[in-house]
Amino acid sequence: MKKVPMRQCVGCREMKDKKDMIRVIRTADGEVCIDESGRKNGRGAYICRSQACLDKAVSGHGLERSLKTQISPDIYKKLQEEMKRLGEE
C-alpha cells in the first residue's frame, strides 16, 4: 500500500492530497509561477482548487509568507484563470 503525499493549503490550512492542489513556486532567480507538472525546482506552496481558498490566501498573504517574496497581481490573475478553467472541466 503506497503512502499518499499530503500538503497543506495556504488558504484554508487543511491537509489534502497533493494531486488535488495547485503548486506555486519561487525559482532560484526569484520568479514566481504556477508549476503544472509539480516537479519544477524551487520553493513551493500549495493551494486548493477553489476560489474561496484563493481569496483566503490573497487576503491573509499566505502565498507571500510561504514563498518568502512579494507576489505580483499577475500571478493572482493567473491563479484565478486556472481556477475558472478547472471549474469548467
# chains A, B, ... in the order shown; residues from 1 in each chain; ligands from 1

$ residues_around --residues "stretch 36-49 of chain A" --least-positions-apart "2" --cutoff "9 Å" --atoms "only C-alpha atoms" --output "JSON, numbers by chain"
{"A": [7, 8, 9, 10, 11, 12, 13, 14, 16, 18, 19, 20, 21, 22, 23, 24, 25, 26, 27, 28, 34, 51, 52, 53, 54, 57, 62, 63, 66, 67, 68, 82, 83, 86, 87]}

$ write_last_selection --atoms "N, CA and C atoms" --output "mmCIF file, in the first residue's frame"
data_model
loop_
_atom_site.group_PDB
_atom_site.id
_atom_site.type_symbol
_atom_site.label_atom_id
_atom_site.label_comp_id
_atom_site.auth_asym_id
_atom_site.auth_seq_id
_atom_site.Cartn_x
_atom_site.Cartn_y
_atom_site.Cartn_z
ATOM 1 N N ARG A 7 -0.350 17.695 1.463
ATOM 2 C CA ARG A 7 0.197 19.044 1.569
ATOM 3 C C ARG A 7 -0.850 19.947 2.209
ATOM 4 N N GLN A 8 -0.378 21.036 2.827
ATOM 5 C CA GLN A 8 -1.283 21.976 3.480
ATOM 6 C C GLN A 8 -1.572 23.151 2.565
ATOM 7 N N CYS A 9 -2.838 23.487 2.431
ATOM 8 C CA CYS A 9 -3.274 24.619 1.615
ATOM 9 C C CYS A 9 -2.919 25.919 2.333
ATOM 10 N N VAL A 10 -2.389 26.902 1.591
ATOM 11 C CA VAL A 10 -2.047 28.192 2.198
ATOM 12 C C VAL A 10 -3.281 29.055 2.417
ATOM 13 N N GLY A 11 -4.427 28.640 1.882
ATOM 14 C CA GLY A 11 -5.668 29.384 2.076
ATOM 15 C C GLY A 11 -6.456 28.880 3.269
ATOM 16 N N CYS A 12 -6.926 27.638 3.176
ATOM 17 C CA CYS A 12 -7.784 27.082 4.230
ATOM 18 C C CYS A 12 -6.994 26.358 5.319
ATOM 19 N N ARG A 13 -5.706 26.114 5.095
ATOM 20 C CA ARG A 13 -4.801 25.474 6.049
ATOM 21 C C ARG A 13 -5.149 24.010 6.319
ATOM 22 N N GLU A 14 -5.893 23.360 5.413
ATOM 23 C CA GLU A 14 -6.245 21.954 5.564
ATOM 24 C C GLU A 14 -5.247 21.083 4.812
ATOM 25 N N LYS A 16 -4.480 18.143 2.402
ATOM 26 C CA LYS A 16 -5.183 17.451 1.320
ATOM 27 C C LYS A 16 -4.173 16.713 0.454
ATOM 28 N N LYS A 18 -1.855 15.825 -2.457
ATOM 29 C CA LYS A 18 -1.007 16.688 -3.288
ATOM 30 C C LYS A 18 -1.534 16.818 -4.718
ATOM 31 N N LYS A 19 -2.097 15.734 -5.263
ATOM 32 C CA LYS A 19 -2.589 15.746 -6.644
ATOM 33 C C LYS A 19 -3.793 16.658 -6.831
ATOM 34 N N ASP A 20 -4.530 16.913 -5.761
ATOM 35 C CA ASP A 20 -5.745 17.723 -5.846
ATOM 36 C C ASP A 20 -5.481 19.207 -5.648
ATOM 37 N N MET A 21 -4.216 19.611 -5.616
ATOM 38 C CA MET A 21 -3.874 21.002 -5.332
ATOM 39 C C MET A 21 -3.039 21.606 -6.459
ATOM 40 N N ILE A 22 -2.959 22.926 -6.461
ATOM 41 C CA ILE A 22 -2.141 23.660 -7.431
ATOM 42 C C ILE A 22 -0.860 24.089 -6.726
ATOM 43 N N ARG A 23 0.281 23.862 -7.373
ATOM 44 C CA ARG A 23 1.571 24.238 -6.794
ATOM 45 C C ARG A 23 2.052 25.541 -7.417
ATOM 46 N N VAL A 24 2.438 26.469 -6.559
ATOM 47 C CA VAL A 24 3.017 27.749 -6.985
ATOM 48 C C VAL A 24 4.442 27.754 -6.462
ATOM 49 N N ILE A 25 5.405 28.116 -7.317
ATOM 50 C CA ILE A 25 6.804 28.067 -6.900
ATOM 51 C C ILE A 25 7.497 29.410 -7.077
ATOM 52 N N ARG A 26 8.562 29.569 -6.292
ATOM 53 C CA ARG A 26 9.503 30.674 -6.475
ATOM 54 C C ARG A 26 10.809 30.025 -6.878
ATOM 55 N N THR A 27 11.284 30.351 -8.075
ATOM 56 C CA THR A 27 12.521 29.760 -8.585
ATOM 57 C C THR A 27 13.732 30.431 -7.945
ATOM 58 N N ALA A 28 14.900 29.902 -8.219
ATOM 59 C CA ALA A 28 16.143 30.422 -7.648
ATOM 60 C C ALA A 28 16.408 31.866 -8.068
ATOM 61 N N ILE A 34 3.220 29.248 -11.704
ATOM 62 C CA ILE A 34 2.428 28.060 -11.401
ATOM 63 C C ILE A 34 3.161 26.855 -11.966
ATOM 64 N N GLN A 51 -11.987 28.778 -5.445
ATOM 65 C CA GLN A 51 -11.874 30.234 -5.412
ATOM 66 C C GLN A 51 -11.840 30.744 -3.974
ATOM 67 N N ALA A 52 -12.557 30.074 -3.067
ATOM 68 C CA ALA A 52 -12.592 30.504 -1.666
ATOM 69 C C ALA A 52 -11.198 30.418 -1.040
ATOM 70 N N CYS A 53 -10.469 29.361 -1.335
ATOM 71 C CA CYS A 53 -9.108 29.216 -0.787
ATOM 72 C C CYS A 53 -8.164 30.258 -1.377
ATOM 73 N N LEU A 54 -8.333 30.556 -2.649
ATOM 74 C CA LEU A 54 -7.507 31.587 -3.278
ATOM 75 C C LEU A 54 -7.778 32.937 -2.634
ATOM 76 N N ALA A 57 -6.067 33.016 0.687
ATOM 77 C CA ALA A 57 -4.616 33.119 0.527
ATOM 78 C C ALA A 57 -4.206 34.545 0.172
ATOM 79 N N GLY A 62 -1.009 34.400 2.480
ATOM 80 C CA GLY A 62 -0.481 33.048 2.668
ATOM 81 C C GLY A 62 0.592 32.666 1.668
ATOM 82 N N LEU A 63 0.382 33.003 0.397
ATOM 83 C CA LEU A 63 1.387 32.685 -0.622
ATOM 84 C C LEU A 63 2.658 33.486 -0.395
ATOM 85 N N SER A 66 4.543 31.930 2.525
ATOM 86 C CA SER A 66 5.117 30.623 2.214
ATOM 87 C C SER A 66 6.297 30.715 1.253
ATOM 88 N N LEU A 67 6.180 31.599 0.262
ATOM 89 C CA LEU A 67 7.242 31.722 -0.740
ATOM 90 C C LEU A 67 8.315 32.729 -0.339
ATOM 91 N N LYS A 68 8.075 33.453 0.741
ATOM 92 C CA LYS A 68 9.019 34.447 1.262
ATOM 93 C C LYS A 68 9.400 35.486 0.213
ATOM 94 N N GLU A 82 -6.817 29.894 -13.739
ATOM 95 C CA GLU A 82 -6.654 28.453 -13.559
ATOM 96 C C GLU A 82 -7.848 27.868 -12.804
ATOM 97 N N MET A 83 -8.328 28.576 -11.786
ATOM 98 C CA MET A 83 -9.496 28.125 -11.014
ATOM 99 C C MET A 83 -10.729 28.055 -11.927
ATOM 100 N N LEU A 86 -10.404 25.070 -14.300
ATOM 101 C CA LEU A 86 -10.635 23.799 -13.614
ATOM 102 C C LEU A 86 -12.117 23.618 -13.284
ATOM 103 N N GLY A 87 -12.819 24.715 -13.049
ATOM 104 C CA GLY A 87 -14.253 24.633 -12.759
ATOM 105 C C GLY A 87 -15.066 24.209 -13.968
#

$ select_by_dssp --residues "stretch 3-80 of chain A" --states "alpha helix (DSSP H)" --output "MDAnalysis selection string"
chainID A and resid 51:59 62:67 73:80

$ write_last_selection --atoms "C-alpha atoms" --output "PDB file, in the first residue's frame"
ATOM      1  CA  GLN A  51     -11.874  30.234  -5.412  1.00  0.00           C
ATOM      2  CA  ALA A  52     -12.592  30.504  -1.666  1.00  0.00           C
ATOM      3  CA  CYS A  53      -9.108  29.216  -0.787  1.00  0.00           C
ATOM      4  CA  LEU A  54      -7.507  31.587  -3.278  1.00  0.00           C
ATOM      5  CA  ASP A  55      -9.391  34.504  -1.728  1.00  0.00           C
ATOM      6  CA  LYS A  56      -8.207  33.474   1.754  1.00  0.00           C
ATOM      7  CA  ALA A  57      -4.616  33.119   0.527  1.00  0.00           C
ATOM      8  CA  VAL A  58      -4.718  36.602  -1.031  1.00  0.00           C
ATOM      9  CA  SER A  59      -6.298  38.340   1.972  1.00  0.00           C
ATOM     10  CA  GLY A  62      -0.481  33.048   2.668  1.00  0.00           C
ATOM     11  CA  LEU A  63       1.387  32.685  -0.622  1.00  0.00           C
ATOM     12  CA  GLU A  64       3.708  35.598   0.141  1.00  0.00           C
ATOM     13  CA  ARG A  65       4.527  34.151   3.548  1.00  0.00           C
ATOM     14  CA  SER A  66       5.117  30.623   2.214  1.00  0.00           C
ATOM     15  CA  LEU A  67       7.242  31.722  -0.740  1.00  0.00           C
ATOM     16  CA  PRO A  73      -1.080  40.802  -9.167  1.00  0.00           C
ATOM     17  CA  ASP A  74      -0.351  38.966 -12.445  1.00  0.00           C
ATOM     18  CA  ILE A  75       0.267  35.720 -10.542  1.00  0.00           C
ATOM     19  CA  TYR A  76      -3.036  36.101  -8.709  1.00  0.00           C
ATOM     20  CA  LYS A  77      -4.778  36.695 -12.059  1.00  0.00           C
ATOM     21  CA  LYS A  78      -3.206  33.519 -13.487  1.00  0.00           C
ATOM     22  CA  LEU A  79      -4.377  31.578 -10.436  1.00  0.00           C
ATOM     23  CA  GLN A  80      -7.921  32.910 -10.852  1.00  0.00           C
TER      24      GLN A  80
END

$ residues_around --residues "A:Asp17" --least-positions-apart "4" --cutoff "7 Å" --atoms "only C-alpha atoms" --output "PyMOL selection string"
chain A and resi 4-7

$ write_last_selection --atoms "N, CA, C and O atoms" --output "JSON list (two decimals), in the first residue's frame"
[["chain", "number", "residue", "atom", "x", "y", "z"],
["A", 4, "VAL", "N", 0.06, 8.20, 0.46],
["A", 4, "VAL", "CA", -0.43, 9.32, -0.35],
["A", 4, "VAL", "C", 0.20, 10.60, 0.18],
["A", 4, "VAL", "O", 0.04, 10.94, 1.35],
["A", 5, "PRO", "N", 0.95, 11.34, -0.68],
["A", 5, "PRO", "CA", 1.55, 12.59, -0.21],
["A", 5, "PRO", "C", 0.50, 13.65, 0.08],
["A", 5, "PRO", "O", -0.38, 13.90, -0.74],
["A", 6, "MET", "N", 0.59, 14.25, 1.26],
["A", 6, "MET", "CA", -0.36, 15.28, 1.69],
["A", 6, "MET", "C", 0.36, 16.61, 1.79],
["A", 6, "MET", "O", 1.53, 16.67, 2.17],
["A", 7, "ARG", "N", -0.35, 17.70, 1.46],
["A", 7, "ARG", "CA", 0.20, 19.04, 1.57],
["A", 7, "ARG", "C", -0.85, 19.95, 2.21],
["A", 7, "ARG", "O", -2.04, 19.71, 2.11]]

$ select_by_dssp --residues "chain A" --states "strand (DSSP E or B)" --output "short mmCIF file (atom, residue, chain, number, x, y, z; two decimals) with all heavy atoms, in the first residue's frame"
data_model
loop_
_atom_site.label_atom_id
_atom_site.label_comp_id
_atom_site.auth_asym_id
_atom_site.auth_seq_id
_atom_site.Cartn_x
_atom_site.Cartn_y
_atom_site.Cartn_z
N MET A 6 0.59 14.25 1.26
CA MET A 6 -0.36 15.28 1.69
C MET A 6 0.36 16.61 1.79
O MET A 6 1.53 16.67 2.17
CB MET A 6 -0.96 14.91 3.04
CG MET A 6 -1.64 13.55 3.09
SD MET A 6 -3.15 13.50 2.15
CE MET A 6 -4.25 14.26 3.31
N ARG A 7 -0.35 17.70 1.46
CA ARG A 7 0.20 19.04 1.57
C ARG A 7 -0.85 19.95 2.21
O ARG A 7 -2.04 19.71 2.11
CB ARG A 7 0.57 19.60 0.19
CG ARG A 7 1.67 18.82 -0.52
CD ARG A 7 3.00 18.95 0.19
NE ARG A 7 4.07 18.28 -0.50
CZ ARG A 7 4.50 17.04 -0.27
NH1 ARG A 7 3.91 16.31 0.65
NH2 ARG A 7 5.50 16.54 -0.94
N GLN A 8 -0.38 21.04 2.83
CA GLN A 8 -1.28 21.98 3.48
C GLN A 8 -1.57 23.15 2.56
O GLN A 8 -0.66 23.76 2.00
CB GLN A 8 -0.67 22.47 4.79
CG GLN A 8 -1.61 23.33 5.60
CD GLN A 8 -1.00 23.75 6.91
OE1 GLN A 8 0.16 24.15 6.96
NE2 GLN A 8 -1.77 23.65 7.97
N CYS A 9 -2.84 23.49 2.43
CA CYS A 9 -3.27 24.62 1.61
C CYS A 9 -2.92 25.92 2.33
O CYS A 9 -3.13 26.04 3.53
CB CYS A 9 -4.78 24.54 1.38
SG CYS A 9 -5.46 25.96 0.53
N MET A 15 -5.01 19.88 5.34
CA MET A 15 -4.15 18.92 4.68
C MET A 15 -4.97 18.16 3.64
O MET A 15 -6.03 17.62 3.96
CB MET A 15 -3.57 17.93 5.70
CG MET A 15 -2.67 18.58 6.72
SD MET A 15 -1.15 19.24 6.04
CE MET A 15 -0.24 17.76 5.71
N LYS A 16 -4.48 18.14 2.40
CA LYS A 16 -5.18 17.45 1.32
C LYS A 16 -4.17 16.71 0.45
O LYS A 16 -2.98 16.94 0.53
CB LYS A 16 -5.98 18.44 0.48
CG LYS A 16 -7.08 19.12 1.28
CD LYS A 16 -7.95 19.94 0.41
CE LYS A 16 -9.05 20.57 1.27
NZ LYS A 16 -9.90 21.44 0.48
N ASP A 17 -4.70 15.86 -0.42
CA ASP A 17 -3.87 15.10 -1.35
C ASP A 17 -3.14 16.05 -2.29
O ASP A 17 -3.74 16.98 -2.83
CB ASP A 17 -4.77 14.15 -2.14
CG ASP A 17 -4.01 13.18 -3.01
OD1 ASP A 17 -2.77 13.31 -3.12
OD2 ASP A 17 -4.64 12.28 -3.58
N MET A 21 -4.22 19.61 -5.62
CA MET A 21 -3.87 21.00 -5.33
C MET A 21 -3.04 21.61 -6.46
O MET A 21 -2.49 20.89 -7.28
CB MET A 21 -3.12 21.07 -4.01
CG MET A 21 -3.94 20.49 -2.86
SD MET A 21 -3.07 20.55 -1.33
CE MET A 21 -3.56 22.14 -0.79
N ILE A 22 -2.96 22.93 -6.46
CA ILE A 22 -2.14 23.66 -7.43
C ILE A 22 -0.86 24.09 -6.73
O ILE A 22 -0.91 24.62 -5.62
CB ILE A 22 -2.89 24.90 -7.95
CG1 ILE A 22 -4.17 24.47 -8.68
CG2 ILE A 22 -2.00 25.74 -8.86
CD1 ILE A 22 -5.08 25.62 -9.04
N ARG A 23 0.28 23.86 -7.37
CA ARG A 23 1.57 24.24 -6.79
C ARG A 23 2.05 25.54 -7.42
O ARG A 23 2.07 25.69 -8.63
CB ARG A 23 2.61 23.14 -7.03
CG ARG A 23 3.95 23.43 -6.40
CD ARG A 23 4.85 22.22 -6.49
NE ARG A 23 6.07 22.45 -5.73
CZ ARG A 23 7.29 22.40 -6.25
NH1 ARG A 23 7.47 22.12 -7.53
NH2 ARG A 23 8.34 22.61 -5.51
N VAL A 24 2.44 26.47 -6.56
CA VAL A 24 3.02 27.75 -6.99
C VAL A 24 4.44 27.75 -6.46
O VAL A 24 4.68 27.41 -5.31
CB VAL A 24 2.22 28.94 -6.40
CG1 VAL A 24 2.80 30.25 -6.87
CG2 VAL A 24 0.75 28.84 -6.78
N ILE A 25 5.40 28.12 -7.32
CA ILE A 25 6.80 28.07 -6.90
C ILE A 25 7.50 29.41 -7.08
O ILE A 25 7.07 30.24 -7.87
CB ILE A 25 7.61 26.99 -7.67
CG1 ILE A 25 7.66 27.30 -9.16
CG2 ILE A 25 7.06 25.62 -7.41
CD1 ILE A 25 8.69 26.52 -9.91
N ARG A 26 8.56 29.57 -6.29
CA ARG A 26 9.50 30.67 -6.48
C ARG A 26 10.81 30.03 -6.88
O ARG A 26 11.40 29.25 -6.13
CB ARG A 26 9.69 31.48 -5.19
CG ARG A 26 10.74 32.59 -5.35
CD ARG A 26 10.92 33.40 -4.09
NE ARG A 26 11.15 32.59 -2.92
CZ ARG A 26 12.36 32.27 -2.43
NH1 ARG A 26 13.45 32.69 -3.02
NH2 ARG A 26 12.48 31.54 -1.35
N VAL A 32 8.12 33.93 -9.74
CA VAL A 32 7.00 33.19 -9.16
C VAL A 32 6.11 32.72 -10.30
O VAL A 32 5.72 33.50 -11.17
CB VAL A 32 6.20 34.06 -8.18
CG1 VAL A 32 5.00 33.31 -7.64
CG2 VAL A 32 7.08 34.53 -7.05
N CYS A 33 5.81 31.41 -10.33
CA CYS A 33 4.98 30.87 -11.40
C CYS A 33 4.20 29.65 -10.90
O CYS A 33 4.50 29.10 -9.85
CB CYS A 33 5.82 30.51 -12.62
SG CYS A 33 7.09 29.30 -12.30
N ILE A 34 3.22 29.25 -11.70
CA ILE A 34 2.43 28.06 -11.40
C ILE A 34 3.16 26.85 -11.97
O ILE A 34 3.57 26.84 -13.12
CB ILE A 34 1.03 28.18 -12.02
CG1 ILE A 34 0.28 29.36 -11.41
CG2 ILE A 34 0.25 26.89 -11.82
CD1 ILE A 34 -1.03 29.68 -12.08
N ASP A 35 3.33 25.84 -11.12
CA ASP A 35 4.03 24.62 -11.53
C ASP A 35 2.98 23.56 -11.84
O ASP A 35 2.48 22.88 -10.95
CB ASP A 35 4.95 24.16 -10.40
CG ASP A 35 5.71 22.90 -10.75
OD1 ASP A 35 5.69 22.49 -11.93
OD2 ASP A 35 6.34 22.33 -9.85
N ARG A 43 11.12 26.79 -4.33
CA ARG A 43 10.33 26.77 -3.10
C ARG A 43 8.86 26.75 -3.48
O ARG A 43 8.39 27.60 -4.22
CB ARG A 43 10.66 28.00 -2.27
CG ARG A 43 9.95 28.05 -0.95
CD ARG A 43 10.44 29.21 -0.12
NE ARG A 43 9.85 29.16 1.19
CZ ARG A 43 10.33 28.44 2.21
NH1 ARG A 43 11.44 27.75 2.05
NH2 ARG A 43 9.72 28.43 3.37
N GLY A 44 8.11 25.79 -2.98
CA GLY A 44 6.73 25.61 -3.39
C GLY A 44 5.72 25.88 -2.29
O GLY A 44 6.01 25.76 -1.11
N ALA A 45 4.53 26.24 -2.73
CA ALA A 45 3.38 26.41 -1.85
C ALA A 45 2.18 25.81 -2.58
O ALA A 45 2.11 25.87 -3.80
CB ALA A 45 3.14 27.88 -1.54
N TYR A 46 1.28 25.24 -1.83
CA TYR A 46 0.13 24.57 -2.42
C TYR A 46 -1.15 25.29 -2.06
O TYR A 46 -1.29 25.81 -0.96
CB TYR A 46 0.07 23.12 -1.94
CG TYR A 46 1.17 22.27 -2.50
CD1 TYR A 46 2.43 22.24 -1.91
CD2 TYR A 46 0.97 21.50 -3.64
CE1 TYR A 46 3.45 21.48 -2.43
CE2 TYR A 46 1.99 20.72 -4.17
CZ TYR A 46 3.22 20.72 -3.56
OH TYR A 46 4.23 19.96 -4.08
N ILE A 47 -2.10 25.27 -3.01
CA ILE A 47 -3.39 25.89 -2.77
C ILE A 47 -4.47 24.99 -3.37
O ILE A 47 -4.26 24.38 -4.43
CB ILE A 47 -3.45 27.32 -3.37
CG1 ILE A 47 -4.71 28.01 -2.95
CG2 ILE A 47 -3.28 27.32 -4.85
CD1 ILE A 47 -4.67 29.51 -3.12
N CYS A 48 -5.60 24.90 -2.67
CA CYS A 48 -6.73 24.09 -3.15
C CYS A 48 -7.25 24.66 -4.46
O CYS A 48 -7.05 25.82 -4.76
CB CYS A 48 -7.86 24.10 -2.12
SG CYS A 48 -7.44 23.36 -0.55
#
